[in-house]
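Here is the file query.pdb (PDB, C-alpha atoms).
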```pdb
ATOM      1  CA  MET A   1      17.061 -20.307  29.337
ATOM      2  CA  ASN A   2      16.907 -23.954  28.292
ATOM      3  CA  ASP A   3      14.606 -25.614  25.754
ATOM      4  CA  THR A   4      12.473 -27.142  28.507
ATOM      5  CA  THR A   5      11.666 -23.707  29.882
ATOM      6  CA  VAL A   6      10.819 -22.366  26.435
ATOM      7  CA  THR A   7       8.578 -25.315  25.600
ATOM      8  CA  ALA A   8       6.822 -25.020  28.933
ATOM      9  CA  GLY A   9       6.222 -21.341  28.250
ATOM     10  CA  VAL A  10       4.664 -22.218  24.910
ATOM     11  CA  ALA A  11       2.365 -24.807  26.412
ATOM     12  CA  LYS A  12       1.265 -22.512  29.205
ATOM     13  CA  ASP A  13       1.012 -19.151  27.469
ATOM     14  CA  SER A  14      -0.288 -19.878  24.013
ATOM     15  CA  PRO A  15      -0.200 -23.156  22.130
ATOM     16  CA  GLU A  16       0.330 -23.275  18.379
ATOM     17  CA  GLN A  17      -3.351 -23.490  17.510
ATOM     18  CA  SER A  18      -4.145 -20.236  19.321
ATOM     19  CA  GLY A  19      -2.166 -18.128  16.806
ATOM     20  CA  ALA A  20       0.665 -17.022  19.079
ATOM     21  CA  ARG A  21       3.130 -16.813  16.192
ATOM     22  CA  GLU A  22       0.854 -14.512  14.214
ATOM     23  CA  LEU A  23       0.139 -12.408  17.293
ATOM     24  CA  LEU A  24       3.850 -11.869  17.864
ATOM     25  CA  LEU A  25       4.294 -10.740  14.255
ATOM     26  CA  ASP A  26       1.242  -8.487  14.386
ATOM     27  CA  THR A  27       2.419  -6.899  17.638
ATOM     28  CA  ALA A  28       5.957  -6.382  16.354
ATOM     29  CA  SER A  29       4.524  -4.742  13.242
ATOM     30  CA  GLN A  30       2.326  -2.446  15.321
ATOM     31  CA  ILE A  31       5.224  -1.415  17.576
ATOM     32  CA  MET A  32       7.443  -0.526  14.618
ATOM     33  CA  ARG A  33       4.648   1.319  12.856
ATOM     34  CA  GLU A  34       3.660   3.393  15.884
ATOM     35  CA  GLY A  35       7.252   4.177  16.850
ATOM     36  CA  ASP A  36       8.551   4.721  13.307
ATOM     37  CA  LEU A  37      11.181   2.070  14.072
ATOM     38  CA  VAL A  38      12.854  -0.931  12.452
ATOM     39  CA  ASP A  39      13.604  -2.645  15.758
ATOM     40  CA  ILE A  40      11.699  -3.783  18.822
ATOM     41  CA  SER A  41      12.252  -4.475  22.498
ATOM     42  CA  LEU A  42      11.372  -8.024  23.493
ATOM     43  CA  SER A  43      10.082  -6.763  26.825
ATOM     44  CA  GLU A  44       7.713  -4.353  25.077
ATOM     45  CA  LEU A  45       6.700  -7.096  22.677
ATOM     46  CA  SER A  46       5.841  -9.353  25.621
ATOM     47  CA  LEU A  47       3.935  -6.593  27.401
ATOM     48  CA  ARG A  48       1.938  -5.546  24.333
ATOM     49  CA  SER A  49       1.146  -9.068  23.123
ATOM     50  CA  GLY A  50       0.547 -10.610  26.554
ATOM     51  CA  LEU A  51       2.829 -13.494  25.585
ATOM     52  CA  ASN A  52       6.008 -14.853  27.124
ATOM     53  CA  SER A  53       9.029 -13.467  25.260
ATOM     54  CA  ALA A  54      10.437 -17.008  25.272
ATOM     55  CA  LEU A  55       8.015 -17.690  22.438
ATOM     56  CA  VAL A  56      10.227 -15.601  20.155
ATOM     57  CA  LYS A  57      12.944 -18.218  20.534
ATOM     58  CA  TYR A  58      10.453 -21.045  20.170
ATOM     59  CA  TYR A  59       8.940 -19.818  16.909
ATOM     60  CA  PHE A  60      11.747 -17.812  15.304
ATOM     61  CA  GLY A  61      15.039 -18.777  16.955
ATOM     62  CA  ASN A  62      15.793 -15.195  18.015
ATOM     63  CA  LYS A  63      14.704 -11.607  17.410
ATOM     64  CA  ALA A  64      16.494 -11.444  14.075
ATOM     65  CA  GLY A  65      14.595 -14.528  12.986
ATOM     66  CA  MET A  66      11.325 -12.866  13.921
ATOM     67  CA  LEU A  67      12.191  -9.752  11.901
ATOM     68  CA  LYS A  68      12.959 -11.977   8.905
ATOM     69  CA  ALA A  69       9.600 -13.708   9.345
ATOM     70  CA  LEU A  70       7.899 -10.317   9.498
ATOM     71  CA  LEU A  71       9.613  -9.245   6.280
ATOM     72  CA  ASP A  72       8.568 -12.495   4.611
ATOM     73  CA  ARG A  73       4.963 -11.981   5.661
ATOM     74  CA  ASP A  74       4.750  -8.400   4.442
ATOM     75  CA  MET A  75       6.776  -8.740   1.231
ATOM     76  CA  GLU A  76       4.962 -11.894   0.184
ATOM     77  CA  ALA A  77       1.767  -9.885  -0.109
ATOM     78  CA  ILE A  78       3.421  -7.420  -2.511
ATOM     79  CA  VAL A  79       4.877 -10.084  -4.790
ATOM     80  CA  THR A  80       1.645 -12.065  -4.812
ATOM     81  CA  SER A  81      -0.427  -9.009  -5.684
ATOM     82  CA  VAL A  82       1.799  -7.918  -8.560
ATOM     83  CA  ASP A  83       1.832 -11.458  -9.979
ATOM     84  CA  ALA A  84      -1.955 -11.538  -9.812
ATOM     85  CA  LEU A  85      -2.095  -8.157 -11.541
ATOM     86  CA  LEU A  86       0.127  -9.326 -14.385
ATOM     87  CA  ALA A  87      -2.211 -12.260 -14.931
ATOM     88  CA  LYS A  88      -5.253  -9.990 -15.489
ATOM     89  CA  ASP A  89      -5.417 -10.169 -19.279
ATOM     90  CA  HIS A  90      -8.573  -8.042 -19.421
ATOM     91  CA  MET A  91      -6.798  -4.981 -17.950
ATOM     92  CA  ASN A  92      -4.761  -2.633 -20.102
ATOM     93  CA  PRO A  93      -1.164  -1.763 -19.077
ATOM     94  CA  GLU A  94      -2.020   1.743 -17.896
ATOM     95  CA  ALA A  95      -4.796   0.503 -15.603
ATOM     96  CA  LYS A  96      -2.515  -2.219 -14.260
ATOM     97  CA  LEU A  97       0.263   0.195 -13.415
ATOM     98  CA  ARG A  98      -2.089   2.692 -11.816
ATOM     99  CA  ARG A  99      -3.556  -0.024  -9.624
ATOM    100  CA  HIS A 100      -0.118  -1.342  -8.697
ATOM    101  CA  ILE A 101       1.227   2.058  -7.635
ATOM    102  CA  GLY A 102      -1.889   2.591  -5.554
ATOM    103  CA  LYS A 103      -1.392  -0.790  -3.876
ATOM    104  CA  VAL A 104       2.242   0.069  -3.117
ATOM    105  CA  ILE A 105       1.107   3.250  -1.365
ATOM    106  CA  ASP A 106      -1.473   1.280   0.631
ATOM    107  CA  THR A 107       1.144  -1.309   1.619
ATOM    108  CA  TYR A 108       3.631   1.276   2.855
ATOM    109  CA  TYR A 109       0.856   3.011   4.773
ATOM    110  CA  ASN A 110       0.197  -0.287   6.570
ATOM    111  CA  TYR A 111       3.897  -1.149   6.949
ATOM    112  CA  PRO A 112       5.906   2.115   6.778
ATOM    113  CA  TYR A 113       8.973   0.330   8.101
ATOM    114  CA  LEU A 114       9.021  -2.168   5.223
ATOM    115  CA  ASN A 115      11.791  -0.838   2.993
ATOM    116  CA  ARG A 116      14.005   0.110   5.935
ATOM    117  CA  LEU A 117      13.551  -3.374   7.394
ATOM    118  CA  LEU A 118      14.343  -4.914   4.025
ATOM    119  CA  MET A 119      17.555  -2.909   3.688
ATOM    120  CA  ARG A 120      18.583  -3.653   7.258
ATOM    121  CA  LEU A 121      18.178  -7.395   6.824
ATOM    122  CA  VAL A 122      19.974  -7.417   3.478
ATOM    123  CA  ARG A 123      22.821  -5.467   5.049
ATOM    124  CA  ASP A 124      23.075  -7.360   8.338
ATOM    125  CA  SER A 125      22.376 -10.925   7.202
ATOM    126  CA  ASP A 126      24.958 -13.348   5.859
ATOM    127  CA  HIS A 127      25.413 -13.618   2.108
ATOM    128  CA  ALA A 128      23.084 -16.586   1.703
ATOM    129  CA  GLU A 129      20.196 -14.891   3.516
ATOM    130  CA  SER A 130      20.741 -11.580   1.718
ATOM    131  CA  GLN A 131      20.656 -13.414  -1.603
ATOM    132  CA  ARG A 132      17.501 -15.271  -0.566
ATOM    133  CA  ILE A 133      15.732 -11.993   0.150
ATOM    134  CA  ALA A 134      16.867 -10.525  -3.150
ATOM    135  CA  ASP A 135      15.874 -13.604  -5.151
ATOM    136  CA  LYS A 136      12.487 -13.979  -3.470
ATOM    137  CA  TYR A 137      11.327 -10.368  -3.378
ATOM    138  CA  LEU A 138      13.500  -7.843  -5.205
ATOM    139  CA  ALA A 139      14.168  -9.778  -8.399
ATOM    140  CA  PRO A 140      10.498 -10.750  -8.945
ATOM    141  CA  LEU A 141       9.420  -7.120  -8.579
ATOM    142  CA  GLY A 142      12.105  -6.056 -11.037
ATOM    143  CA  ARG A 143      10.906  -8.629 -13.563
ATOM    144  CA  ALA A 144       7.302  -7.577 -13.015
ATOM    145  CA  TYR A 145       8.176  -3.961 -13.813
ATOM    146  CA  GLU A 146       9.971  -5.062 -16.958
ATOM    147  CA  LYS A 147       6.830  -6.910 -18.094
ATOM    148  CA  LEU A 148       4.459  -4.087 -17.177
ATOM    149  CA  ILE A 149       6.521  -1.460 -18.966
ATOM    150  CA  ALA A 150       7.158  -3.689 -21.992
ATOM    151  CA  SER A 151       3.443  -4.356 -22.367
ATOM    152  CA  GLY A 152       2.733  -0.634 -22.177
ATOM    153  CA  LEU A 153       5.350   0.096 -24.822
ATOM    154  CA  LYS A 154       3.884  -2.549 -27.090
ATOM    155  CA  ALA A 155       0.414  -1.062 -26.640
ATOM    156  CA  GLY A 156       1.757   2.421 -27.393
ATOM    157  CA  VAL A 157       0.649   3.925 -24.063
ATOM    158  CA  PHE A 158       4.072   4.213 -22.341
ATOM    159  CA  ARG A 159       7.212   5.960 -23.457
ATOM    160  CA  PRO A 160      10.544   4.088 -23.209
ATOM    161  CA  ILE A 161      11.900   4.207 -19.659
ATOM    162  CA  ASP A 162      14.411   2.259 -17.575
ATOM    163  CA  SER A 163      12.446  -0.373 -15.635
ATOM    164  CA  GLN A 164      15.255  -0.737 -13.102
ATOM    165  CA  LEU A 165      15.169   2.954 -12.249
ATOM    166  CA  PHE A 166      11.377   2.857 -12.238
ATOM    167  CA  TYR A 167      11.536   0.354  -9.355
ATOM    168  CA  PHE A 168      13.526   2.838  -7.278
ATOM    169  CA  THR A 169      11.182   5.674  -8.217
ATOM    170  CA  VAL A 170       8.055   3.883  -7.034
ATOM    171  CA  THR A 171       9.624   2.349  -3.929
ATOM    172  CA  GLY A 172      11.337   5.587  -2.987
ATOM    173  CA  ALA A 173       8.162   7.624  -3.367
ATOM    174  CA  ALA A 174       6.243   5.294  -1.056
ATOM    175  CA  ASP A 175       8.979   4.720   1.496
ATOM    176  CA  ARG A 176      10.121   8.316   1.847
ATOM    177  CA  PHE A 177       6.685   9.685   2.604
ATOM    178  CA  PHE A 178       5.528   7.106   5.114
ATOM    179  CA  SER A 179       8.872   7.014   6.924
ATOM    180  CA  ALA A 180       9.065  10.793   7.292
ATOM    181  CA  ARG A 181       6.872  11.412  10.294
ATOM    182  CA  LEU A 182       9.495  13.742  11.809
ATOM    183  CA  VAL A 183       9.142  15.994   8.764
ATOM    184  CA  LEU A 184       5.359  15.931   9.078
ATOM    185  CA  ARG A 185       5.621  16.728  12.780
ATOM    186  CA  HIS A 186       8.076  19.606  12.610
ATOM    187  CA  CYS A 187       7.148  21.159   9.276
ATOM    188  CA  PHE A 188       3.440  20.481   8.931
ATOM    189  CA  ASP A 189       2.324  20.004  12.541
ATOM    190  CA  GLN A 190       1.000  16.549  11.729
ATOM    191  CA  ASP A 191       2.181  13.394  13.471
ATOM    192  CA  THR A 192      -0.397  10.820  12.412
ATOM    193  CA  LEU A 193      -0.529   8.806   9.206
ATOM    194  CA  THR A 194      -4.261   9.073   8.654
ATOM    195  CA  GLU A 195      -6.344   7.343   5.999
ATOM    196  CA  GLU A 196      -7.198  10.762   4.556
ATOM    197  CA  LEU A 197      -3.494  11.546   4.175
ATOM    198  CA  ARG A 198      -2.892   8.120   2.605
ATOM    199  CA  ASP A 199      -5.678   8.681   0.088
ATOM    200  CA  ARG A 200      -4.362  12.117  -0.874
ATOM    201  CA  TYR A 201      -0.854  10.810  -1.306
ATOM    202  CA  ARG A 202      -2.036   7.786  -3.294
ATOM    203  CA  GLU A 203      -3.858   9.990  -5.801
ATOM    204  CA  HIS A 204      -0.942  12.416  -5.987
ATOM    205  CA  THR A 205       1.678   9.704  -6.511
ATOM    206  CA  VAL A 206      -0.288   7.731  -9.089
ATOM    207  CA  ASP A 207      -0.923  10.858 -11.163
ATOM    208  CA  PHE A 208       2.631  12.141 -10.745
ATOM    209  CA  VAL A 209       4.362   8.873 -11.705
ATOM    210  CA  MET A 210       2.001   8.094 -14.561
ATOM    211  CA  ALA A 211       2.563  11.552 -16.026
ATOM    212  CA  GLY A 212       6.213  10.622 -16.367
ATOM    213  CA  ILE A 213       5.651   7.271 -18.080
ATOM    214  CA  LEU A 214       2.680   7.871 -20.388
ATOM    215  CA  ALA A 215       3.429   8.441 -24.040
ATOM    216  CA  PRO A 216       3.109  12.133 -25.053
ATOM    217  CA  ASP A 217      -0.025  11.594 -27.113
ATOM    218  CA  ARG A 218      -1.557   9.639 -24.230
ATOM    219  CA  GLN A 219      -0.974  12.548 -21.860
ATOM    220  CA  THR A 220      -2.582  15.138 -24.131
ATOM    221  CA  SER A 221      -5.597  12.925 -24.699
ATOM    222  CA  ARG A 222      -6.418  12.622 -21.012
TER     223      ARG A 222
END
```
What would the structure in this file look like if it were written as structure tokens?
Amino acid sequence: MNDTTVTAGVAKDSPEQSGARELLLDTASQIMREGDLVDISLSELSLRSGLNSALVKYYFGNKAGMLKALLDRDMEAIVTSVDALLAKDHMNPEAKLRRHIGKVIDTYYNYPYLNRLLMRLVRDSDHAESQRIADKYLAPLGRAYEKLIASGLKAGVFRPIDSQLFYFTVTGAADRFFSARLVLRHCFDQDTLTEELRDRYREHTVDFVMAGILAPDRQTSR
């Protein structure tokens, strides 16, 4: 397919101002969420979105480019929210961390494919792109955890822990649950990630993780 055909498809099917790019990303996200996948079929994407699949090339270059754009969209929200949380001087470290863990659970409920997509793109991309992803998303989260934990230690509400390992604890807890629909289906006869299930897991995870980081005297005083 040549560039003329692609451009014509854009003009006919959905011009820039109509939000075709965002619709493609939203539809791709929905497909991966519903199917518990980290990949999509362009034909299904076209059918579900009502847009010409040539628009993928027009906006993103190819399918891999679209998946990178989807990762950027979803991860940007996480980094932005944790930066905003760090800037809230009126909140104490414990409240900040509780809110952050809750937001992580909410994010993985909305985008259960997120960590698997991140790992796939880091693995399959060239070195420059893998480093870009790490520098833009993973490193900032690591630094944010260092600051959150350090502030809690200074305030006397957290015990000393490894902030690097804490990143894997929080991410793993969120990712494992929301990417385990087969376990829910076969062991618990439940195949839908409902809001009620999200809320239960959020409360459970926040309490469970915080119990491991709070200073001993802080735990007994609660």
Subject >> Hits of the PyMOL selection byres ((chain A and resi 152) around 12) in this structure, as a ChimeraX atom specification >> reply: /A:86,91-98,145-151,153-161,163,210,213-215,218
**OP:** Write out as a PyMOL selection string each polymer residue whose atoms come within 12 Å of Asp83 of chain A, counting only C-alpha atoms; drop sequence neighbours fewer than 2 positions from it.
**Re:** chain A and resi 76-81+85-89+96+100+137+140-145+147-148
**OP:** Report as a list of chain:residue names the residues that result from applying the PyMOL selection byres ((chain A and resi 206) around 10) to the structure here.
**Re:**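 Here the PyMOL selection byres ((chain A and resi 206) around 10) matches A:Leu97, A:Arg98, A:Arg99, A:His100, A:Ile101, A:Gly102, A:Ile105, A:Val170, A:Tyr201, A:Arg202, A:Glu203, A:His204, A:Thr205, A:Asp207, A:Phe208, A:Val209, A:Met210, A:Ala211.
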Subject >> Pick from A:Leu23, A:Leu197, A:Ala173, A:Leu118, whichever lies nearest to Lys136 of chain A using all atoms listed in the file >> reply: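 Using all atoms listed in the file, Lys136 of chain A sits closest to A:Leu118.
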Subject >> Coordinates-based distance that separates atom CA of Thr171 of chain A from atom CA of Arg21 of chain A (Å, one decimal) >> reply: 28.5 Å
**OP:** Might you spell out which residues the PyMOL selection byres ((chain A and resi 65-73) around 12) would select in the displayed file, as JSON, numbers by chain?
**Re:** {"A": [21, 22, 23, 24, 25, 26, 27, 28, 29, 30, 32, 38, 39, 40, 41, 42, 45, 53, 55, 56, 57, 58, 59, 60, 61, 62, 63, 64, 74, 75, 76, 77, 78, 79, 80, 111, 112, 113, 114, 115, 116, 117, 118, 119, 120, 121, 122, 124, 125, 129, 130, 132, 133, 134, 136, 137, 138]}
Subject >> Residue nearest Tyr167 of chain A among A:Ala180, A:Arg123, A:Tyr109, A:Val104 (counting only C-alpha atoms) >> reply: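 Result for the nearest residue to Tyr167 of chain A: A:Val104.
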**OP:** Name the closest residue to Gly19 of chain A among the candidates A:Leu51, A:Leu193, A:Cys187, A:Ala174; distances are taken between atoms, counting all atoms listed in the file.
**Re:**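 For Gly19 of chain A, the nearest of the given residues is A:Leu51.
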Original post:
So how far away is atom CA of Asn110 of chain A from atom CA of Glu44 of chain A, in Å?
Top reply: 20.4 Å
Original post:
In Å, with one decimal, what is the gap from atom CA of Asp126 of chain A to atom CA of Asp175 of chain A?
Top reply: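 Taking atom CA of Asp126 of chain A and atom CA of Asp175 of chain A, their separation equals 24.5 Å.
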Around all the atoms of segment 98-108 of chain A listed in the file, with 5 Å of room on each side, what axis-aligned box do you get, giving centre and edge lengths in Å to one decimal, as lines of an AutoDock Vina configuration file?
```
center_x = 0.0
center_y = 1.0
center_z = -4.5
size_x = 17.2
size_y = 14.6
size_z = 24.7
```
Original post:
For Arg33 of chain A, which of A:Ala128, A:Arg185, A:Thr194, A:Ser179 is the closest residue, counting only C-alpha atoms?
Top reply: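 Checking each candidate against Arg33 of chain A, we get A:Ser179 as the closest.
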